[in-house]
Structures are given as structure tokens and as C-alpha cells.
Amino acid sequence: MKKFLSFLYVIIVLAFVYVPILILVFYSFSSGKTTGNFEVFSFKWYSKLGEIKDVVLNTVVLAVVSSAIATILGTLGAIGIFYSKGKFGKTVNGISQIPVVNSEVVTACALVMLFMALGFAHRSMFGVYVGHVILTTPFVVLSVMPKLKQMDGSLYEAALDLGATPTQALFKVILPEILPGILSGFMLAITLSLDDYIITATLSPLSFDTISTAVYKSIALTTEKASEKIPIYRALTTIIFLLTVLVVILNASVKKRNRKGEVK
Amino acid sequence: MRNEKVIDRSAYKKPVKANRLFTFSRKQLCIPYGLFLVMFVVIPLLLIVYFAFTGEDGSFTFSNFIRFFSDTTKLSTLFISVLVALAVTVICLIVAYPVALILSKMKGNVAMIFLLLFITPMWINFVLRAMAMKELLSLLSLPLGNMANLIGLTYDFLPFMIMPLYSTLIKMDRSLEEAAHDLGAGKVKVFTKVTLPLSVPGIISGAMMVFLPVMSCYVVTDTFSGSTGFTVIGKLIAWSFLGEGGTLADIHGGATISLVMLIIMFVTMIATGGFKNENNARGTNL
């Protein structure tokens, strides 16, 4: 009985999480504009996805490029922090935590002030990229750090003793060892960047929209024109949802296979 | 034999010397990141302080603070933000704790599947999730307003509470609970005296993932408040900077509220004993 009740509770919370998404998925196949009356089954809104092609492209390019920069910067940063014994590394590590706990609004608006003080335009693509790199790099550092701790420290010294240059030792010894941390940091950076609204909204040129800012305009501004695209976003959500499910399943099955391999 | 070794060494060492300009020690690798942080994190934070304490003419003044603390609408927004953030944190905690506890007691594959089910929605853009909840509310003909705001915020932040709680509970030494039980503690007592105290780190990092972001997350309140609902302090900061058509409206006022937010952040950090990175929900990777 107790087991059943706790199972029921988990199902109820899962329903709370999934029902809104599934309703969106369901009505994305309706030819009508509103949820609540399912007119005719159609792919009408999917065929209109081309209208928001630019928005999706902006989001993906921003996420991939800023995450790549964040991954390089954060990986080098993590290695540097880990191997500097003195105050320097500790200070960098401490400052690196600030954007993690700071609210995004403050991070974004502080950048506006910086660009203003330097006499730059406060809305620019450069600003958006800087904002996203600030937001994501600390998480790359956090992902890479545990792998450095797990690594056998004498490997690097052994490589140097055997005649490798520091650069060779970095690329041939350290990087392969911490690669899993770097990859998960990169993935984390991408999800954070995809999810961001505030930094993009505050720093991007007004003509630049990502999924977050475009959807915000449609749902928060209640004008007739703004809500026109909502049905297309339903179709978009369905596609994102299906892709996510696919990635999660693939990821889980790969991990499971790897785990089995280790047992052997 | 000996001779050979000597030759070997010099042959290997040479390139290092030849490239002396390009050699580096490992700790120097964080210089680019350090410079980046100084430029785009430290200096901007100092600028917040600077702008908060200066007037339009650049002279030192407290007038921005006087202006903020005598403006009742702004003050009440600050007060409501803190209250709402607390409320959403508590609601998320009450909903999420049993889920995390039940999941942590499930076995192998079943636990894995349920965990993945809870993580999957985190990868859908949170504005799209807000839209989904808004559509559900309109389907149930629930009006926009304070109640809708709370539901929307809970919906968007719930996953961030479940993950840190789960990762703390799963690492917990279960034999402690059994020991307490064997020593005669009842089920309630085992929970309040053993399980709950041991999961405090998870509660703290979950609360940090919800409390502070809720105060700045004006996207959700803009979506759900309609004409009657509350807004959060983040909106005031953003508005100070983003006047009509993206012009800069009131930098000094915005800097002042930002500084107030920073102080709230530090107070929360100190009160909760710092931020535990290892339990960070954003850092949960499966």
C-alpha cells in the first residue's frame, strides 16, 4: 500500500510536469489556432516552421559558438587553476563562481554599464557572445575540475621527463585524460545558452531574436499580432521535445553499454 | 651504453630550449580566463557600485538609494519578490522532497527511468515550458494573476529542486537509517533525526537554484501575471536599462537596484554557508 501511494505521488508530479507539454504536442497537430478545440488533424503549423527558421538558426549558432569559446577558455582555466598552488588560482576560481550565483539580470546589466563606460554600443552581437561566455564558462570549469582531481598527477611529469614539451604534454597527456569532463562541460554550456533569455534580451541588437526572446514576445505581449506565431511554436516545442527524448534514450543506452563493457 | 643515454637526453631536451618563448607552465593557462573574468565580471561589478553612488554629473551621492527606498512601488516590488521567491522555494521543496526520496529508494533501472523522466523537460527551453503551462491554464480557464504566477514559477523551477535533493539522498549512507531504526526510533523519528538533517546540503543547493533566480526571472511573471499579478525585482532592473525601444533609461537607478540584489545574494550565501558546487542541479549530467 505504502509503495503504491509513493508510486502514485511520483506519477502525479510527473503528470504536473508533462501534461502541459503533451497538450502542446497534441494541439500542434490541430489546424486551429487555439488549444481547446481540435479542428482537423493537419501538419499545417509544421509546414510554417520556415517562418521561424532564422530564430532557430540564431539560437543554435549562438549556443554552439559561445559554448565552443567557453569550453576552450574554461578548460585552460581549470587546468591553470588546478595546478597553481598559490593565491592566484584560488582568486580566479573564486571570481569564476560569481556568475554562477549572481542573477542573470545583474550580470547582463553590469555588462551594459561596462560597454557604456567604454563608449561602445550597449547592444551588439559582441555583447551577446560575451554574456553567454560569462554565463557558461564557470560550468565548464566545474565539469573539468573533478576530472583533473581524478587524474594521476605524475603522468604530466613523466611526459616531461621523457622529453615532451609542455605543449605536447598538454595535448597528449592532460587533454585526453580530462576529455569526458570537457565534453560534458560543452554540453552543459549548450543547454545553458539555449535556455537563456535575459542576457540575450538585454544585450542583443533589437533585430536579433533567439527562441527565448521570440517566444517571450508572443506570450507576454497579449496583442493579437504577437500571438499569431504561437501555433508554430507549438510545433517547434513538439520537435524539441521529440529530439530531447531521442537524445536522452540514446545517451542512456550508450552509457548502459559502456557500463556493461566495464564489467567484462 | 652510457654514451647513448647522454645523446638521447640532449636530443630530446633541445626543442624545449629552442622554443623557450613558447613554453609555459601549466598555471599560466588560466591567464586568458583570468583576464576575461577581470574585464567582464570584476570591472562591471565595480561599475555597479560606482553608478549606484554617483549622480548624473558623476559626483558622489546617496540620492539613488534615497530615491529607491522612498519609492513605495519599488520597495513593495522588492518585498514581494523576496516573499514570492521564498514561497516558490518552499512549494518546490515540499513537492520535490518526497519525489527525490522515493526515487532514491528505487532500484537500478526503474530509478534511472524515472530520473530521466524528470530531467528530460529541463532540456526544453524554459520560455516554451512557460508557454505550455499558460496554455494549460487557459484550457482549465484559470485566470492570469497571482495564482497563475505561482503555478508558472513552480512549474519552471521544480526540476532544479529535484536534482540536488536526489543527488544528496542517493549518496547518503542508508545504514544510518537502519541503525536508528534498530535502536528503536520510529519511522517519523528516523526521518526527522537522520534523513532530513543529512539531506540539508541538498536542500540548501536546491533552494539556491530556486530562490535567487525566481527574484530575477521576470519572463515567467510577465507571462502569467496578466493585468493583476505581481512582478519581480528583476523586471525593475531590466526596465531601468531597457527603456522604450532599447534606449538606456536610468543607469544610476538600475545600478542601485542591482547593488541591492547583490547584497541580498551575499546575505543568502552567507546565511546558507556558501554554494555547494557538487550538488548543483545545472551540473547534473547523466
# chains A, B, ... in the order shown; residues from 1 in each chain; ligands from 1

$ residues_around --residues "B:Met106" --least-positions-apart "2" --cutoff "12 Å" --atoms "only C-alpha atoms" --output "ChimeraX atom specification"
/A:3,6-7,10 /B:99-104,108-115,166,169-170

$ residues_around --residues "B:Ile251" --least-positions-apart "5" --cutoff "12 Å" --atoms "only C-alpha atoms" --output "VMD selection string"
(chain A and resid 109 to 114 116 to 117 122) or (chain B and resid 47 to 56 58 64 236 to 243 256 to 258)

$ interface_residues --of "chain A" --to "chain B" --cutoff "6 Å" --atoms "only C-alpha atoms" --output "PyMOL selection string"
chain A and resi 10+20-21+36+73+76-77+80+83-84+92+106+110-111+114+163+165+195+212+220

$ write_last_selection --atoms "N, CA, C and O atoms" --output "PDB file, in the first residue's frame"
ATOM      1  N   VAL A  10       4.624  10.045  -7.247  1.00  0.00           N
ATOM      2  CA  VAL A  10       5.589  10.346  -8.314  1.00  0.00           C
ATOM      3  C   VAL A  10       4.867  10.532  -9.651  1.00  0.00           C
ATOM      4  O   VAL A  10       5.178  11.445 -10.423  1.00  0.00           O
ATOM      5  N   PRO A  20       1.244  19.767 -19.438  1.00  0.00           N
ATOM      6  CA  PRO A  20       1.288  20.964 -20.286  1.00  0.00           C
ATOM      7  C   PRO A  20       2.021  20.718 -21.606  1.00  0.00           C
ATOM      8  O   PRO A  20       1.562  21.162 -22.666  1.00  0.00           O
ATOM      9  N   ILE A  21       3.145  19.993 -21.529  1.00  0.00           N
ATOM     10  CA  ILE A  21       3.921  19.744 -22.748  1.00  0.00           C
ATOM     11  C   ILE A  21       3.132  18.863 -23.712  1.00  0.00           C
ATOM     12  O   ILE A  21       3.065  19.131 -24.916  1.00  0.00           O
ATOM     13  N   GLY A  36      -7.876  23.683 -27.051  1.00  0.00           N
ATOM     14  CA  GLY A  36      -9.233  23.561 -26.509  1.00  0.00           C
ATOM     15  C   GLY A  36     -10.202  23.027 -27.541  1.00  0.00           C
ATOM     16  O   GLY A  36     -11.060  22.221 -27.210  1.00  0.00           O
ATOM     17  N   LEU A  73      38.172  28.303 -23.200  1.00  0.00           N
ATOM     18  CA  LEU A  73      38.556  29.201 -22.113  1.00  0.00           C
ATOM     19  C   LEU A  73      38.472  28.492 -20.763  1.00  0.00           C
ATOM     20  O   LEU A  73      39.374  28.583 -19.927  1.00  0.00           O
ATOM     21  N   LEU A  76      41.202  25.505 -20.298  1.00  0.00           N
ATOM     22  CA  LEU A  76      42.518  26.065 -19.969  1.00  0.00           C
ATOM     23  C   LEU A  76      42.481  26.668 -18.573  1.00  0.00           C
ATOM     24  O   LEU A  76      43.405  26.484 -17.770  1.00  0.00           O
ATOM     25  N   GLY A  77      41.390  27.373 -18.270  1.00  0.00           N
ATOM     26  CA  GLY A  77      41.250  27.994 -16.948  1.00  0.00           C
ATOM     27  C   GLY A  77      41.291  26.965 -15.841  1.00  0.00           C
ATOM     28  O   GLY A  77      41.992  27.137 -14.846  1.00  0.00           O
ATOM     29  N   GLY A  80      44.768  25.616 -15.365  1.00  0.00           N
ATOM     30  CA  GLY A  80      45.570  26.637 -14.698  1.00  0.00           C
ATOM     31  C   GLY A  80      45.249  26.749 -13.222  1.00  0.00           C
ATOM     32  O   GLY A  80      46.147  26.783 -12.379  1.00  0.00           O
ATOM     33  N   TYR A  83      46.521  23.668 -11.162  1.00  0.00           N
ATOM     34  CA  TYR A  83      47.951  23.490 -10.940  1.00  0.00           C
ATOM     35  C   TYR A  83      48.632  24.693 -10.311  1.00  0.00           C
ATOM     36  O   TYR A  83      49.821  24.635 -10.050  1.00  0.00           O
ATOM     37  N   SER A  84      47.912  25.801 -10.091  1.00  0.00           N
ATOM     38  CA  SER A  84      48.587  26.903  -9.400  1.00  0.00           C
ATOM     39  C   SER A  84      48.312  26.768  -7.916  1.00  0.00           C
ATOM     40  O   SER A  84      47.171  26.765  -7.478  1.00  0.00           O
ATOM     41  N   VAL A  92      41.174  33.322  -9.053  1.00  0.00           N
ATOM     42  CA  VAL A  92      40.481  33.110 -10.327  1.00  0.00           C
ATOM     43  C   VAL A  92      39.276  32.196 -10.105  1.00  0.00           C
ATOM     44  O   VAL A  92      38.166  32.454 -10.577  1.00  0.00           O
ATOM     45  N   VAL A 106      21.536  40.942 -13.231  1.00  0.00           N
ATOM     46  CA  VAL A 106      22.638  41.780 -12.762  1.00  0.00           C
ATOM     47  C   VAL A 106      23.855  41.585 -13.659  1.00  0.00           C
ATOM     48  O   VAL A 106      24.511  42.558 -14.043  1.00  0.00           O
ATOM     49  N   ALA A 110      25.262  44.705 -15.682  1.00  0.00           N
ATOM     50  CA  ALA A 110      26.631  45.124 -15.392  1.00  0.00           C
ATOM     51  C   ALA A 110      27.421  45.232 -16.693  1.00  0.00           C
ATOM     52  O   ALA A 110      28.225  46.148 -16.874  1.00  0.00           O
ATOM     53  N   LEU A 111      27.165  44.302 -17.617  1.00  0.00           N
ATOM     54  CA  LEU A 111      27.847  44.369 -18.918  1.00  0.00           C
ATOM     55  C   LEU A 111      27.415  45.598 -19.698  1.00  0.00           C
ATOM     56  O   LEU A 111      28.231  46.238 -20.359  1.00  0.00           O
ATOM     57  N   LEU A 114      29.438  48.342 -18.504  1.00  0.00           N
ATOM     58  CA  LEU A 114      30.818  48.281 -18.998  1.00  0.00           C
ATOM     59  C   LEU A 114      30.898  48.837 -20.414  1.00  0.00           C
ATOM     60  O   LEU A 114      31.737  49.689 -20.712  1.00  0.00           O
ATOM     61  N   GLY A 163      60.763  13.769 -22.265  1.00  0.00           N
ATOM     62  CA  GLY A 163      61.176  14.658 -23.333  1.00  0.00           C
ATOM     63  C   GLY A 163      60.072  15.395 -24.056  1.00  0.00           C
ATOM     64  O   GLY A 163      60.327  16.075 -25.039  1.00  0.00           O
ATOM     65  N   THR A 165      57.482  18.372 -24.794  1.00  0.00           N
ATOM     66  CA  THR A 165      57.402  19.787 -24.449  1.00  0.00           C
ATOM     67  C   THR A 165      56.109  19.982 -23.649  1.00  0.00           C
ATOM     68  O   THR A 165      55.211  19.143 -23.723  1.00  0.00           O
ATOM     69  N   ASP A 195      18.851  28.028 -23.069  1.00  0.00           N
ATOM     70  CA  ASP A 195      17.808  28.381 -22.120  1.00  0.00           C
ATOM     71  C   ASP A 195      17.793  29.866 -21.773  1.00  0.00           C
ATOM     72  O   ASP A 195      16.856  30.345 -21.168  1.00  0.00           O
ATOM     73  N   SER A 212      14.051  31.977 -27.129  1.00  0.00           N
ATOM     74  CA  SER A 212      13.563  32.546 -25.870  1.00  0.00           C
ATOM     75  C   SER A 212      12.925  33.919 -26.071  1.00  0.00           C
ATOM     76  O   SER A 212      11.804  34.160 -25.640  1.00  0.00           O
ATOM     77  N   ALA A 220       4.061  37.025 -23.752  1.00  0.00           N
ATOM     78  CA  ALA A 220       3.940  38.044 -22.708  1.00  0.00           C
ATOM     79  C   ALA A 220       3.205  39.274 -23.205  1.00  0.00           C
ATOM     80  O   ALA A 220       2.455  39.904 -22.478  1.00  0.00           O
TER      81      ALA A 220
END

$ atom_distance --atom1 "atom CA of A:Ser124" --atom2 "atom CA of A:Leu203"
6.3 Å

$ atom_distance --atom1 "atom CA of B:Pro197" --atom2 "atom CA of B:Val267"
22.3 Å

$ residues_around --residues "stretch 228-238 of chain A" --least-positions-apart "4" --cutoff "10 Å" --atoms "only C-alpha atoms" --output "PDB file with N, CA and C atoms, in the first residue's frame"
ATOM      1  N   ILE A  21       3.145  19.993 -21.529  1.00  0.00           N
ATOM      2  CA  ILE A  21       3.921  19.744 -22.748  1.00  0.00           C
ATOM      3  C   ILE A  21       3.132  18.863 -23.712  1.00  0.00           C
ATOM      4  N   LEU A  22       2.496  17.818 -23.170  1.00  0.00           N
ATOM      5  CA  LEU A  22       1.764  16.895 -24.040  1.00  0.00           C
ATOM      6  C   LEU A  22       0.548  17.562 -24.675  1.00  0.00           C
ATOM      7  N   ILE A  23      -0.085  18.499 -23.933  1.00  0.00           N
ATOM      8  CA  ILE A  23      -1.201  19.239 -24.526  1.00  0.00           C
ATOM      9  C   ILE A  23      -0.719  20.049 -25.722  1.00  0.00           C
ATOM     10  N   LEU A  24       0.456  20.675 -25.534  1.00  0.00           N
ATOM     11  CA  LEU A  24       1.049  21.440 -26.625  1.00  0.00           C
ATOM     12  C   LEU A  24       1.319  20.539 -27.831  1.00  0.00           C
ATOM     13  N   VAL A  25       1.869  19.365 -27.552  1.00  0.00           N
ATOM     14  CA  VAL A  25       2.174  18.412 -28.620  1.00  0.00           C
ATOM     15  C   VAL A  25       0.878  18.028 -29.347  1.00  0.00           C
ATOM     16  N   PHE A  26      -0.159  17.733 -28.566  1.00  0.00           N
ATOM     17  CA  PHE A  26      -1.443  17.307 -29.133  1.00  0.00           C
ATOM     18  C   PHE A  26      -2.015  18.375 -30.064  1.00  0.00           C
ATOM     19  N   TYR A  27      -2.090  19.610 -29.557  1.00  0.00           N
ATOM     20  CA  TYR A  27      -2.721  20.664 -30.359  1.00  0.00           C
ATOM     21  C   TYR A  27      -1.830  21.190 -31.474  1.00  0.00           C
ATOM     22  N   SER A  28      -0.563  20.789 -31.487  1.00  0.00           N
ATOM     23  CA  SER A  28       0.282  21.222 -32.594  1.00  0.00           C
ATOM     24  C   SER A  28      -0.168  20.550 -33.887  1.00  0.00           C
ATOM     25  N   PHE A  29      -0.945  19.460 -33.759  1.00  0.00           N
ATOM     26  CA  PHE A  29      -1.439  18.758 -34.953  1.00  0.00           C
ATOM     27  C   PHE A  29      -2.843  19.201 -35.343  1.00  0.00           C
ATOM     28  N   SER A  30      -3.377  20.203 -34.615  1.00  0.00           N
ATOM     29  CA  SER A  30      -4.700  20.701 -34.962  1.00  0.00           C
ATOM     30  C   SER A  30      -4.556  21.844 -35.952  1.00  0.00           C
ATOM     31  N   SER A  31      -5.486  21.938 -36.896  1.00  0.00           N
ATOM     32  CA  SER A  31      -5.393  23.025 -37.860  1.00  0.00           C
ATOM     33  C   SER A  31      -5.815  24.356 -37.240  1.00  0.00           C
ATOM     34  N   GLY A  32      -6.494  24.283 -36.077  1.00  0.00           N
ATOM     35  CA  GLY A  32      -6.959  25.512 -35.434  1.00  0.00           C
ATOM     36  C   GLY A  32      -5.834  26.251 -34.739  1.00  0.00           C
ATOM     37  N   LYS A  33      -6.139  27.500 -34.360  1.00  0.00           N
ATOM     38  CA  LYS A  33      -5.122  28.341 -33.729  1.00  0.00           C
ATOM     39  C   LYS A  33      -5.061  28.157 -32.226  1.00  0.00           C
ATOM     40  N   THR A  34      -6.208  27.838 -31.628  1.00  0.00           N
ATOM     41  CA  THR A  34      -6.254  27.812 -30.168  1.00  0.00           C
ATOM     42  C   THR A  34      -6.265  26.378 -29.649  1.00  0.00           C
ATOM     43  N   THR A  35      -5.783  26.239 -28.401  1.00  0.00           N
ATOM     44  CA  THR A  35      -5.928  24.960 -27.743  1.00  0.00           C
ATOM     45  C   THR A  35      -7.365  24.882 -27.246  1.00  0.00           C
ATOM     46  N   PHE A  43      -0.718  18.989 -40.615  1.00  0.00           N
ATOM     47  CA  PHE A  43       0.670  19.382 -40.379  1.00  0.00           C
ATOM     48  C   PHE A  43       0.870  20.845 -40.752  1.00  0.00           C
ATOM     49  N   LYS A  44      -0.252  21.598 -40.781  1.00  0.00           N
ATOM     50  CA  LYS A  44      -0.223  22.986 -41.220  1.00  0.00           C
ATOM     51  C   LYS A  44       0.865  23.797 -40.514  1.00  0.00           C
ATOM     52  N   TRP A  45       0.924  23.685 -39.178  1.00  0.00           N
ATOM     53  CA  TRP A  45       1.868  24.515 -38.423  1.00  0.00           C
ATOM     54  C   TRP A  45       3.297  24.057 -38.636  1.00  0.00           C
ATOM     55  N   TYR A  46       3.460  22.769 -38.912  1.00  0.00           N
ATOM     56  CA  TYR A  46       4.808  22.272 -39.183  1.00  0.00           C
ATOM     57  C   TYR A  46       5.315  22.809 -40.510  1.00  0.00           C
ATOM     58  N   SER A  47       4.401  22.961 -41.457  1.00  0.00           N
ATOM     59  CA  SER A  47       4.830  23.477 -42.760  1.00  0.00           C
ATOM     60  C   SER A  47       5.176  24.961 -42.662  1.00  0.00           C
ATOM     61  N   LYS A  48       4.691  25.605 -41.583  1.00  0.00           N
ATOM     62  CA  LYS A  48       5.024  27.028 -41.418  1.00  0.00           C
ATOM     63  C   LYS A  48       6.280  27.256 -40.594  1.00  0.00           C
ATOM     64  N   LEU A  49       6.945  26.164 -40.210  1.00  0.00           N
ATOM     65  CA  LEU A  49       8.144  26.303 -39.370  1.00  0.00           C
ATOM     66  C   LEU A  49       9.213  27.174 -40.039  1.00  0.00           C
ATOM     67  N   GLY A  50       9.170  27.228 -41.390  1.00  0.00           N
ATOM     68  CA  GLY A  50      10.126  28.056 -42.117  1.00  0.00           C
ATOM     69  C   GLY A  50      10.091  29.510 -41.678  1.00  0.00           C
ATOM     70  N   GLU A  51       8.914  29.966 -41.193  1.00  0.00           N
ATOM     71  CA  GLU A  51       8.785  31.367 -40.764  1.00  0.00           C
ATOM     72  C   GLU A  51       9.679  31.692 -39.571  1.00  0.00           C
ATOM     73  N   ILE A  52       9.956  30.671 -38.753  1.00  0.00           N
ATOM     74  CA  ILE A  52      10.807  30.950 -37.590  1.00  0.00           C
ATOM     75  C   ILE A  52      12.196  30.329 -37.745  1.00  0.00           C
ATOM     76  N   VAL A  56      15.452  30.036 -34.946  1.00  0.00           N
ATOM     77  CA  VAL A  56      16.061  28.773 -34.519  1.00  0.00           C
ATOM     78  C   VAL A  56      17.554  28.772 -34.854  1.00  0.00           C
ATOM     79  N   ILE A 211      15.084  31.789 -29.740  1.00  0.00           N
ATOM     80  CA  ILE A 211      13.804  31.163 -29.416  1.00  0.00           C
ATOM     81  C   ILE A 211      13.215  31.814 -28.162  1.00  0.00           C
ATOM     82  N   ALA A 214      11.949  35.453 -28.838  1.00  0.00           N
ATOM     83  CA  ALA A 214      10.827  35.472 -29.780  1.00  0.00           C
ATOM     84  C   ALA A 214       9.560  34.929 -29.127  1.00  0.00           C
ATOM     85  N   VAL A 215       9.685  33.821 -28.403  1.00  0.00           N
ATOM     86  CA  VAL A 215       8.512  33.226 -27.759  1.00  0.00           C
ATOM     87  C   VAL A 215       7.997  34.148 -26.656  1.00  0.00           C
ATOM     88  N   LYS A 217       8.074  37.357 -26.644  1.00  0.00           N
ATOM     89  CA  LYS A 217       7.280  38.421 -27.268  1.00  0.00           C
ATOM     90  C   LYS A 217       5.877  37.940 -27.586  1.00  0.00           C
ATOM     91  N   SER A 218       5.769  36.657 -27.977  1.00  0.00           N
ATOM     92  CA  SER A 218       4.446  36.138 -28.345  1.00  0.00           C
ATOM     93  C   SER A 218       3.556  35.864 -27.153  1.00  0.00           C
ATOM     94  N   ILE A 219       4.139  35.422 -26.028  1.00  0.00           N
ATOM     95  CA  ILE A 219       3.257  35.037 -24.925  1.00  0.00           C
ATOM     96  C   ILE A 219       3.088  36.134 -23.880  1.00  0.00           C
ATOM     97  N   THR A 223      -0.985  41.219 -27.483  1.00  0.00           N
ATOM     98  CA  THR A 223      -1.657  41.729 -28.685  1.00  0.00           C
ATOM     99  C   THR A 223      -1.947  40.584 -29.663  1.00  0.00           C
ATOM    100  N   GLU A 224      -2.918  40.840 -30.523  1.00  0.00           N
ATOM    101  CA  GLU A 224      -3.347  39.836 -31.499  1.00  0.00           C
ATOM    102  C   GLU A 224      -2.174  39.406 -32.388  1.00  0.00           C
ATOM    103  N   LEU A 242      10.658  15.858 -28.917  1.00  0.00           N
ATOM    104  CA  LEU A 242      10.993  14.560 -29.504  1.00  0.00           C
ATOM    105  C   LEU A 242      12.506  14.382 -29.608  1.00  0.00           C
ATOM    106  N   LEU A 243      13.204  15.452 -30.035  1.00  0.00           N
ATOM    107  CA  LEU A 243      14.665  15.381 -30.134  1.00  0.00           C
ATOM    108  C   LEU A 243      15.288  15.089 -28.778  1.00  0.00           C
ATOM    109  N   THR A 244      14.766  15.789 -27.737  1.00  0.00           N
ATOM    110  CA  THR A 244      15.302  15.592 -26.388  1.00  0.00           C
ATOM    111  C   THR A 244      15.121  14.155 -25.943  1.00  0.00           C
TER     112      THR A 244
ATOM    113  N   ILE B 124      14.018  21.360 -22.462  1.00  0.00           N
ATOM    114  CA  ILE B 124      13.155  22.182 -23.303  1.00  0.00           C
ATOM    115  C   ILE B 124      13.289  23.626 -22.828  1.00  0.00           C
ATOM    116  N   ASN B 125      13.437  24.518 -23.763  1.00  0.00           N
ATOM    117  CA  ASN B 125      13.587  25.932 -23.448  1.00  0.00           C
ATOM    118  C   ASN B 125      12.554  26.387 -22.424  1.00  0.00           C
ATOM    119  N   LEU B 128       9.464  28.219 -23.581  1.00  0.00           N
ATOM    120  CA  LEU B 128       8.496  27.314 -24.214  1.00  0.00           C
ATOM    121  C   LEU B 128       7.707  26.542 -23.154  1.00  0.00           C
ATOM    122  N   ARG B 129       8.393  26.171 -22.054  1.00  0.00           N
ATOM    123  CA  ARG B 129       7.679  25.478 -20.978  1.00  0.00           C
ATOM    124  C   ARG B 129       6.661  26.406 -20.328  1.00  0.00           C
ATOM    125  N   MET B 131       5.141  28.766 -21.834  1.00  0.00           N
ATOM    126  CA  MET B 131       4.036  28.841 -22.790  1.00  0.00           C
ATOM    127  C   MET B 131       3.123  27.630 -22.637  1.00  0.00           C
ATOM    128  N   ALA B 132       3.716  26.443 -22.467  1.00  0.00           N
ATOM    129  CA  ALA B 132       2.922  25.226 -22.309  1.00  0.00           C
ATOM    130  C   ALA B 132       2.018  25.339 -21.084  1.00  0.00           C
TER     131      ALA B 132
END

$ residues_around --residues "stretch 170-182 of chain A" --least-positions-apart "6" --cutoff "7 Å" --atoms "only C-alpha atoms" --output "list of chain:residue names"
A:Thr71, A:Thr75, A:Val140, A:Ser143, A:Val144, A:Lys147, A:Leu148, A:Met151, A:Tyr156

$ residues_around --residues "A:Ala63" --least-positions-apart "2" --cutoff "8 Å" --atoms "only C-alpha atoms" --output "ChimeraX atom specification"
/A:59-61,65-67,189-191,193-194

$ closest_residue --among "B:Phe69, B:Phe191, B:Thr228, B:Met172" --to "B:Ala148" --atoms "only C-alpha atoms"
B:Thr228

$ atom_distance --atom1 "atom CA of B:Phe68" --atom2 "atom CA of A:Gly119"
26.9 Å
